Each structure stands twice: as structure tokens, then as C-alpha cells.
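Heads up, the thing below is written out as C-alpha cells.
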Amino acid sequence: MSLKSLLRRIVPASWRPWIRRYHTRAYYFGLARRCNICGGRWRSFLPHGIDLPPAYHVEPDFLCPMCRSKPPHRLVCLYLDAHQELFVRGGLLVHVAPEHGFGPRLAKAAAAHGMCYRSGDIRAAGDAHLDIVNMPFPDGSVSLFYCCHVLNSLQDDRAALREVFRVLHPNGLAILQVPAFYSGKTTQETNSAEERMAVFGDDGIYRNYTDDDFRNRLRATGFEVSVFSTTELPPQIVGCLQLKREF
């Protein structure tokens, strides 16, 4: 019997999450990196990506060992911490495809400011089933909307943008993070599962935007566009949080 199997037999199930957290904090502890979502201090973040053909692409120093946050989550957390006025008392915060680590933190922040927090995705992660192209919210009812790397995973991203614009309050804010670093003339689009696997190594990813094209799609929907990027931050913060080339 392996040590792992033995421990599973003798350690009560209720103790295991606590033991895993303690082990993770001890094993990866360091001062070079910080996660502003779970508060962990690490010697390095974990590598993350696809290490299989045809798309070998693994990012080093990327994933938080504790809460599994990624650079875009840490960036938006930094932004929201600096802009507490975006949490409107009595307003509605909608979080599509809530992340394991950032979802609970965002829900806690919403509750602290007297906001209603609703989350979900098409697999019913979060509160309930929530389809970004057909959301159950009245026109202009959402004060703060957040989704990360969702639009690039939709066949019809423009339909989703129209739906977000519909539910967003005239004075509300939608934070829509996408991979927008393609260097071609316009957004890199794929049209079949085979092509998506060949290009991205993932048949759930439809596109990689260019920065300009994504802004144009937002403006064409009716959004006023502003960008918060890592270029606006001190290099020491970018390095400590490992924010990569995020917008």
C-alpha cells in the first residue's frame, strides 16, 4: 500500500482540506511572489498551460499554489481593491464563470458593500446555470459585471457583448478580460474543432483577439472603452504578482 493510500485510510476526510492548505503554505512558502486574492506568499507561482501536441505552451510562474488564481484574476483584484466606489450598495454584481479562488473573494466584497452577488455559467458552476448570451436579468439592472476569458470561448462573442450591454446599468461597469495579444492584422478566429485544436490545443477556444479589434467590437456594441493594464503599475508590483501582459 502506498503512503498516499495509507494516509487516506487513517486521516479523517474533514481534516484533509486543512492538511492540504497547511502543506501547500509550508512547501511553496517564500517572499518573491504574493497572491492578492488568497494572501499567500510564495517562492514562485506554479507553471500552467498545455504540454501536449500540437500546442506546447506552458507559462512558468503563473498559477497560485493555494487558490489557483491566474494573472488576470490578480490584476482585476488589484483594480477593484483600488476602486471601492464600484461596489454600489443595493446594486447587483454578476460574475460569469466564477473562479475557484476569486469567486468567493468577490462575493465577500459584494456582501461587505451591500451588493447582491450572482454567479454561474453554462455548467451551473457558482449559484446556478447562467448563459452569458441569454441572462435572466432585466435591462439596465447590473451595476458591476465581470467575466474572464469567456468571450474568446464563445462561437458568437458579439451576441454575448450585446447581452452584457443590455443588462448593464447606464452607470455600471463591465470588466471583460480576454486574451488580446495576437500580432496579426485582426483577431485570429477558428471555425472548427480540428482547427481549434491545431491552433490553441483546446477545442473550447475560438479566438485570440488583437487589442484594437477587441476595443472596436466593444465600441460597436455601444460600450465606452477604457483599459487598465500592467503598464500603469510599478514594476515591483507586476513582478511580485506576476501579472504578465494583462489588460
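Naming works like this for the C-alpha cells: A, B, ... for the chains as they're shown, residue 1 at the start of each chain, ligands 1 onward in shown order.
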
Find the spatial neighbours of region 69-79 of chain A, counting only C-alpha atoms, within a cut-off of 9 Å - ignore same-chain residues fewer than 6 positions away - and output them as a PyMOL selection string. chain A and resi 35-38+62-63+99-102+106+148-149+175+177-178+228-230+238+241-247

Take the residues from that selection and put them in a file with N, CA and C atoms, as a CSV table (one decimal), in the first residue's frame.
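So the final result, stored in part.csv, reads:
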chain,number,residue,atom,x,y,z
A,35,CYS,N,0.1,36.4,-3.7
A,35,CYS,CA,-1.2,36.4,-4.3
A,35,CYS,C,-2.1,37.3,-3.5
A,36,ASN,N,-2.6,38.3,-4.2
A,36,ASN,CA,-3.5,39.3,-3.5
A,36,ASN,C,-4.9,38.8,-3.4
A,37,ILE,N,-5.2,37.6,-3.8
A,37,ILE,CA,-6.6,37.0,-3.7
A,37,ILE,C,-6.7,36.2,-2.4
A,38,CYS,N,-5.7,35.2,-2.2
A,38,CYS,CA,-5.8,34.4,-1.0
A,38,CYS,C,-4.8,34.9,0.1
A,62,PHE,N,3.0,31.2,-12.8
A,62,PHE,CA,1.7,31.6,-13.3
A,62,PHE,C,0.5,31.4,-12.4
A,63,LEU,N,0.4,30.2,-11.8
A,63,LEU,CA,-0.8,29.8,-11.1
A,63,LEU,C,-0.5,29.8,-9.6
A,99,GLU,N,-14.4,31.9,-10.7
A,99,GLU,CA,-13.1,31.2,-10.5
A,99,GLU,C,-13.2,30.6,-9.0
A,100,HIS,N,-12.5,29.5,-8.9
A,100,HIS,CA,-12.4,28.8,-7.6
A,100,HIS,C,-11.9,29.7,-6.5
A,101,GLY,N,-10.9,30.5,-6.7
A,101,GLY,CA,-10.4,31.4,-5.7
A,101,GLY,C,-11.0,32.8,-5.7
A,102,PHE,N,-11.1,33.4,-6.8
A,102,PHE,CA,-11.6,34.8,-6.9
A,102,PHE,C,-13.1,34.9,-6.7
A,106,LEU,N,-14.7,37.8,-4.3
A,106,LEU,CA,-15.6,38.8,-4.9
A,106,LEU,C,-17.0,38.8,-4.3
A,148,CYS,N,-13.9,36.6,-17.1
A,148,CYS,CA,-12.5,36.5,-17.5
A,148,CYS,C,-12.3,35.3,-18.5
A,149,HIS,N,-11.8,35.6,-19.7
A,149,HIS,CA,-11.5,34.6,-20.7
A,149,HIS,C,-12.8,33.8,-21.0
A,175,ILE,N,-16.3,44.5,-16.6
A,175,ILE,CA,-14.9,44.2,-16.8
A,175,ILE,C,-14.8,42.9,-17.6
A,177,GLN,N,-12.3,40.6,-19.5
A,177,GLN,CA,-10.9,40.2,-19.8
A,177,GLN,C,-10.9,39.1,-20.8
A,178,VAL,N,-10.0,39.3,-21.8
A,178,VAL,CA,-9.8,38.3,-22.9
A,178,VAL,C,-8.3,38.3,-23.2
A,228,PHE,N,-7.3,49.2,-18.3
A,228,PHE,CA,-6.4,49.2,-17.1
A,228,PHE,C,-5.4,48.1,-17.4
A,229,SER,N,-4.1,48.5,-17.6
A,229,SER,CA,-3.1,47.5,-17.9
A,229,SER,C,-1.9,47.5,-17.0
A,230,THR,N,-1.1,46.4,-17.1
A,230,THR,CA,0.1,46.3,-16.3
A,230,THR,C,1.1,47.4,-16.5
A,238,VAL,N,4.1,44.4,-10.5
A,238,VAL,CA,3.9,43.5,-11.7
A,238,VAL,C,4.7,42.2,-11.4
A,241,LEU,N,3.3,40.0,-8.3
A,241,LEU,CA,2.0,39.4,-8.6
A,241,LEU,C,2.1,38.5,-9.9
A,242,GLN,N,3.2,38.7,-10.6
A,242,GLN,CA,3.4,38.0,-11.9
A,242,GLN,C,2.2,38.3,-12.8
A,243,LEU,N,2.0,39.5,-13.2
A,243,LEU,CA,0.8,39.9,-14.0
A,243,LEU,C,1.0,39.7,-15.5
A,244,LYS,N,2.1,39.3,-15.9
A,244,LYS,CA,2.3,39.0,-17.4
A,244,LYS,C,1.9,40.2,-18.2
A,245,ARG,N,1.3,40.0,-19.4
A,245,ARG,CA,0.9,41.1,-20.3
A,245,ARG,C,-0.6,41.3,-20.3
A,246,GLU,N,-1.2,41.5,-19.1
A,246,GLU,CA,-2.6,41.5,-18.9
A,246,GLU,C,-3.2,42.9,-19.1
A,247,PHE,N,-4.5,42.9,-19.5
A,247,PHE,CA,-5.3,44.1,-19.7
A,247,PHE,C,-6.5,44.0,-18.8

DSSP on the backbone, strand (DSSP E) only: what residues of region 61-219 of chain A does that give? Format it as a PyMOL selection string. chain A and resi 61-63+92-96+116-121+128-129+142-148+168-177+188-189+207-208

Leaving out region 130-141 of chain A and any residue of its chain fewer than 5 positions from it, which residues lie within 9 Å of it when counting only C-alpha atoms, given as a PyMOL selection string? chain A and resi 91-92+96-97+119-125+150+156-157+159-172

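Rounded to one decimal, CA of Tyr117 (chain A) and CA of Val88 (chain A) lie 11.4 Å from each other.
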
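With only C-alpha atoms as the basis for measurement, A:Tyr206 is the residue among A:Phe87, A:Phe145, A:Tyr28, A:Tyr206 that approaches Ala193 (chain A) most closely.
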
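By chain and then residue number, the residues within 7 Å of Trp42 (chain A) are Tyr28, Phe29, Gly30, Leu31, Ala32, Arg33 and Arg34 of chain A, counting only C-alpha atoms and disregarding those fewer than 6 positions away in sequence.
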